[in-house]
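Presented below is the structure to which this report refers.
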Amino acid sequence: MIKVVCAILEQFDRVLVTQRSERMQEPLLWEFPGGKLEPGEEEEECLAREIWEELSLRIQPILRLQPVIYAFPDKDIELIPYICTYQSGVIQLSEHKAYQWAHPQDLLSYSWCPPDIPVAKDYLRTKGAAS
Ligand SMILES: Nc1nc2c([nH]c(=O)n2[C@@H]2O[C@H](COP(=O)(O)OP(=O)(O)OP(=O)(O)O)[C@@H](O)[C@H]2O)c(=O)[nH]1
């Protein structure tokens with residue numbers, strides 16, 4: 001099982017979503033940015049590292065949501081989402097093709113990596129319950 005940590009980064013009532021590039025696995029699908037947990041690494045530490053490497057942003061993980069287990073044809077992943085807040089930096093894409101600051105009401109209309117669909121739904125439920 002590959003553990004992947006992803007950031008649901010909130011700013012100004014929007015959420016950052018990123019599109020995987022042609023060269024990545026699951027090309028051109030949308031995801032919450034993040035990456036694989038390295039041996040000995042804490043989840044929050046992994047997330048901060050990945051978001052810095054991929055986007056040049058500093059973020060603060062604030063709430064862990066329900067992980068999602070998904071079986072791709074060639075691998076099983078556990079996708080572990082964290083709601084995060086923005087700290088500093090200007091987005092520079094080093095791996096992704098594109099990014100958007102999505103309105104929550106538009107989140108379910110993206111062409112997501114499959115495991116991200118239940119993550120997006122759980123996020124919307126969590127926010128609905130909080131307001
Ligand atoms: N980062 C990220 N990966 C996801 C998400 N959803 C999802 O299915 N994945 C899958 O999880 C795996 C994570 O790989 P990655 O390429 O993003 O991670 P990484 O940067 O650490 O990988 P690498 O160092 O091997 O290139 C990919 O197969 C990716 O398609 C998501 O929301 N965020």
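Lettering and numbering for the structure tokens are positional, with chains as A, B, ... in the shown order, residues counted from 1 in each chain, and ligands counted from 1 in the shown order.
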
Among chain A, which residues does DSSP mark as strand (DSSP E or B) when it is run on the backbone? Keep the chain and numbering as in the structure and answer as a PyMOL selection string. chain A and resi 2-11+14-19+30-31+34-36+58-64+68-71+76-88+98-102+112

Kindly save the residues from that selection, with N, CA and C atoms included, as a compact mmCIF listing (two decimals), in the first residue's frame.
# COMPACT_ATOMS: atom_id res chain seq x y z
N ILE A 2 0.68 2.11 -0.99
CA ILE A 2 1.46 3.35 -1.07
C ILE A 2 0.68 4.45 -0.35
N LYS A 3 1.30 5.06 0.65
CA LYS A 3 0.63 6.16 1.36
C LYS A 3 0.94 7.48 0.66
N VAL A 4 -0.12 8.20 0.31
CA VAL A 4 0.02 9.49 -0.38
C VAL A 4 -0.72 10.53 0.45
N VAL A 5 -0.03 11.62 0.76
CA VAL A 5 -0.65 12.68 1.56
C VAL A 5 -0.98 13.84 0.63
N CYS A 6 -2.18 14.41 0.78
CA CYS A 6 -2.55 15.52 -0.11
C CYS A 6 -3.13 16.68 0.68
N ALA A 7 -2.97 17.87 0.10
CA ALA A 7 -3.38 19.11 0.76
C ALA A 7 -4.66 19.66 0.14
N ILE A 8 -5.64 19.93 0.98
CA ILE A 8 -6.81 20.70 0.55
C ILE A 8 -6.53 22.10 1.08
N LEU A 9 -5.90 22.89 0.23
CA LEU A 9 -5.38 24.19 0.67
C LEU A 9 -6.46 25.26 0.46
N GLU A 10 -6.87 25.86 1.57
CA GLU A 10 -7.93 26.87 1.52
C GLU A 10 -7.34 28.27 1.55
N GLN A 11 -7.90 29.15 0.72
CA GLN A 11 -7.59 30.57 0.83
C GLN A 11 -8.75 31.37 0.24
N ARG A 14 -11.73 29.64 -1.30
CA ARG A 14 -11.49 28.77 -2.45
C ARG A 14 -10.49 27.69 -2.05
N VAL A 15 -10.35 26.70 -2.94
CA VAL A 15 -9.49 25.56 -2.66
C VAL A 15 -8.56 25.34 -3.86
N LEU A 16 -7.31 25.07 -3.59
CA LEU A 16 -6.35 24.86 -4.67
C LEU A 16 -6.46 23.45 -5.24
N VAL A 17 -6.62 23.38 -6.55
CA VAL A 17 -6.63 22.08 -7.24
C VAL A 17 -5.59 22.12 -8.35
N THR A 18 -4.93 21.00 -8.58
CA THR A 18 -3.84 20.98 -9.56
C THR A 18 -4.07 19.86 -10.58
N GLN A 19 -3.60 20.13 -11.79
CA GLN A 19 -3.77 19.15 -12.87
C GLN A 19 -2.45 18.45 -13.13
N TRP A 30 -7.14 15.85 -12.42
CA TRP A 30 -7.00 16.84 -11.35
C TRP A 30 -6.84 16.12 -10.01
N GLU A 31 -6.12 16.77 -9.11
CA GLU A 31 -5.85 16.18 -7.80
C GLU A 31 -5.68 17.28 -6.78
N GLY A 34 0.25 16.97 -3.53
CA GLY A 34 0.86 16.21 -2.43
C GLY A 34 1.79 15.17 -3.01
N GLY A 35 2.00 14.09 -2.28
CA GLY A 35 2.88 13.04 -2.80
C GLY A 35 3.08 11.94 -1.79
N LYS A 36 3.99 11.04 -2.15
CA LYS A 36 4.18 9.82 -1.37
C LYS A 36 4.95 10.09 -0.08
N ARG A 58 4.50 27.66 1.25
CA ARG A 58 4.53 27.19 2.64
C ARG A 58 3.08 27.11 3.12
N ILE A 59 2.76 25.96 3.69
CA ILE A 59 1.39 25.74 4.15
C ILE A 59 1.40 25.18 5.56
N GLN A 60 0.23 25.23 6.21
CA GLN A 60 0.09 24.65 7.54
C GLN A 60 -1.06 23.64 7.54
N PRO A 61 -0.75 22.35 7.71
CA PRO A 61 -1.85 21.37 7.82
C PRO A 61 -2.64 21.61 9.10
N ILE A 62 -3.99 21.62 9.01
CA ILE A 62 -4.78 21.89 10.22
C ILE A 62 -5.76 20.78 10.59
N LEU A 63 -6.25 20.03 9.62
CA LEU A 63 -7.23 18.99 9.97
C LEU A 63 -7.08 17.80 9.03
N ARG A 64 -6.86 16.61 9.64
CA ARG A 64 -6.77 15.37 8.84
C ARG A 64 -8.17 14.86 8.57
N VAL A 68 -8.63 7.60 2.12
CA VAL A 68 -9.35 6.82 1.10
C VAL A 68 -8.39 5.77 0.54
N ILE A 69 -8.83 4.52 0.53
CA ILE A 69 -8.02 3.45 -0.06
C ILE A 69 -8.57 3.17 -1.46
N TYR A 70 -7.68 3.11 -2.43
CA TYR A 70 -8.12 2.92 -3.82
C TYR A 70 -7.18 1.96 -4.53
N ALA A 71 -7.76 1.03 -5.28
CA ALA A 71 -6.95 0.06 -6.02
C ALA A 71 -6.87 0.49 -7.49
N ASP A 76 -2.01 -0.13 -5.12
CA ASP A 76 -3.02 0.29 -4.15
C ASP A 76 -2.49 1.53 -3.45
N ILE A 77 -3.33 2.57 -3.35
CA ILE A 77 -2.88 3.74 -2.60
C ILE A 77 -3.84 4.05 -1.45
N GLU A 78 -3.26 4.62 -0.41
CA GLU A 78 -4.05 5.20 0.67
C GLU A 78 -3.83 6.70 0.56
N LEU A 79 -4.88 7.43 0.22
CA LEU A 79 -4.79 8.88 0.04
C LEU A 79 -5.24 9.55 1.34
N ILE A 80 -4.33 10.30 1.94
CA ILE A 80 -4.57 10.88 3.27
C ILE A 80 -4.68 12.40 3.13
N PRO A 81 -5.89 12.94 3.24
CA PRO A 81 -6.07 14.38 3.01
C PRO A 81 -5.95 15.21 4.29
N TYR A 82 -5.40 16.38 4.15
CA TYR A 82 -5.37 17.36 5.24
C TYR A 82 -5.91 18.68 4.73
N ILE A 83 -6.86 19.27 5.44
CA ILE A 83 -7.20 20.67 5.18
C ILE A 83 -6.02 21.50 5.67
N CYS A 84 -5.58 22.45 4.83
CA CYS A 84 -4.40 23.25 5.14
C CYS A 84 -4.71 24.72 4.94
N THR A 85 -3.94 25.55 5.63
CA THR A 85 -4.03 26.99 5.37
C THR A 85 -2.74 27.46 4.73
N TYR A 86 -2.87 28.55 3.96
CA TYR A 86 -1.74 29.16 3.27
C TYR A 86 -0.89 29.94 4.27
N GLN A 87 0.42 29.81 4.14
CA GLN A 87 1.31 30.63 4.97
C GLN A 87 2.05 31.67 4.15
N SER A 88 2.77 31.23 3.10
CA SER A 88 3.54 32.20 2.31
C SER A 88 3.93 31.59 0.98
N ALA A 98 -1.25 22.64 -14.61
CA ALA A 98 -2.08 23.81 -14.33
C ALA A 98 -2.58 23.77 -12.89
N TYR A 99 -3.06 24.92 -12.42
CA TYR A 99 -3.74 24.96 -11.12
C TYR A 99 -4.93 25.89 -11.21
N GLN A 100 -5.87 25.70 -10.33
CA GLN A 100 -7.00 26.62 -10.21
C GLN A 100 -7.37 26.75 -8.75
N TRP A 101 -7.85 27.96 -8.40
CA TRP A 101 -8.47 28.15 -7.08
C TRP A 101 -9.96 27.92 -7.29
N ALA A 102 -10.43 26.76 -6.86
CA ALA A 102 -11.80 26.35 -7.16
C ALA A 102 -12.77 26.83 -6.09
N TRP A 112 -11.31 14.30 -11.83
CA TRP A 112 -10.41 13.96 -10.72
C TRP A 112 -9.69 12.64 -10.94

One number please: CA of Phe72 in chain A to CA of Arg20 in chain A, in Å, one decimal. 16.2 Å

Hey, which of A:Tyr110, A:Phe32, A:Trp52, A:Tyr123 ends up closest to ligand 1? Count only C-alpha atoms and all ligand atoms.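 Checking each candidate against ligand 1, we get A:Phe32 as the closest.
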
Counting only C-alpha atoms, which residue out of A:Lys97, A:Gln25, A:Pro104, A:Glu41 sits closest to Phe12 in chain A?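 Of all the options, A:Pro104 lies closest to Phe12 in chain A.
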
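Scanning range 1-127 of chain A with DSSP on the backbone, the alpha helix (DSSP H) assignments fall on Glu43, Glu44, Glu45, Cys46, Leu47, Ala48, Arg49, Glu50, Ile51, Trp52, Glu53, Glu54, Leu55, Asp116, Ile117, Pro118, Val119, Ala120, Lys121, Asp122, Tyr123, Leu124, Arg125, Thr126 and Lys127 of chain A.
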
Hey, can you spit out that residue selection with C-alpha atoms as a JSON list (two decimals), in the first residue's frame?
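So result_7.json came out as:
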[["chain", "number", "residue", "atom", "x", "y", "z"],
["A", 43, "GLU", "CA", 2.44, 13.00, 7.33],
["A", 44, "GLU", "CA", 2.42, 16.77, 7.98],
["A", 45, "GLU", "CA", 6.16, 16.95, 7.28],
["A", 46, "CYS", "CA", 5.66, 15.10, 3.97],
["A", 47, "LEU", "CA", 2.89, 17.46, 2.97],
["A", 48, "ALA", "CA", 4.93, 20.59, 3.71],
["A", 49, "ARG", "CA", 7.86, 19.15, 1.73],
["A", 50, "GLU", "CA", 5.77, 18.13, -1.27],
["A", 51, "ILE", "CA", 3.89, 21.44, -1.46],
["A", 52, "TRP", "CA", 7.16, 23.32, -1.26],
["A", 53, "GLU", "CA", 8.77, 21.13, -3.96],
["A", 54, "GLU", "CA", 5.78, 21.17, -6.32],
["A", 55, "LEU", "CA", 4.34, 24.65, -5.80],
["A", 116, "ASP", "CA", -9.99, 12.25, -4.91],
["A", 117, "ILE", "CA", -13.74, 12.09, -5.53],
["A", 118, "PRO", "CA", -14.63, 10.74, -2.05],
["A", 119, "VAL", "CA", -12.04, 13.14, -0.60],
["A", 120, "ALA", "CA", -13.75, 16.12, -2.25],
["A", 121, "LYS", "CA", -17.16, 14.90, -1.07],
["A", 122, "ASP", "CA", -15.95, 14.39, 2.51],
["A", 123, "TYR", "CA", -14.39, 17.87, 2.45],
["A", 124, "LEU", "CA", -17.67, 19.44, 1.30],
["A", 125, "ARG", "CA", -19.57, 17.52, 4.01],
["A", 126, "THR", "CA", -17.06, 18.70, 6.62],
["A", 127, "LYS", "CA", -17.39, 22.32, 5.52]]

Distance criterion (only C-alpha atoms and all ligand atoms): nearest to ligand 1 out of A:Pro39, A:Gly128, A:Pro115, A:Pro67: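 Under the stated criterion, the closest residue is A:Pro115.
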
Would you mind reading off the distance between CA of Ser21 in chain A and atom 31 (C, counted along the ligand's line) of ligand 1, one decimal, in Å? 12.8 Å

Would you compute the distance between CA of Ser111 in chain A and CA of Leu29 in chain A? Give it in Å to one decimal.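 We find that CA of Ser111 in chain A and CA of Leu29 in chain A lie 5.6 Å from each other.
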
Minimum-distance residue to ligand 1, chosen among A:Pro73, A:Met1, A:Pro33, A:Arg23 (using only C-alpha atoms and all ligand atoms): A:Pro33

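Candidate residues A:Asp74, A:Leu57, A:Glu26, A:Gln105 were compared for distance to ligand 1, and the nearest is A:Glu26, using only C-alpha atoms and all ligand atoms.
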
Kindly indicate which residue among A:Cys113, A:Leu107, A:Ile91, A:Leu28 lies nearest to ligand 1, using only C-alpha atoms and all ligand atoms for the distances.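 Looking only at the distances to ligand 1, the closest residue turns out to be A:Cys113.
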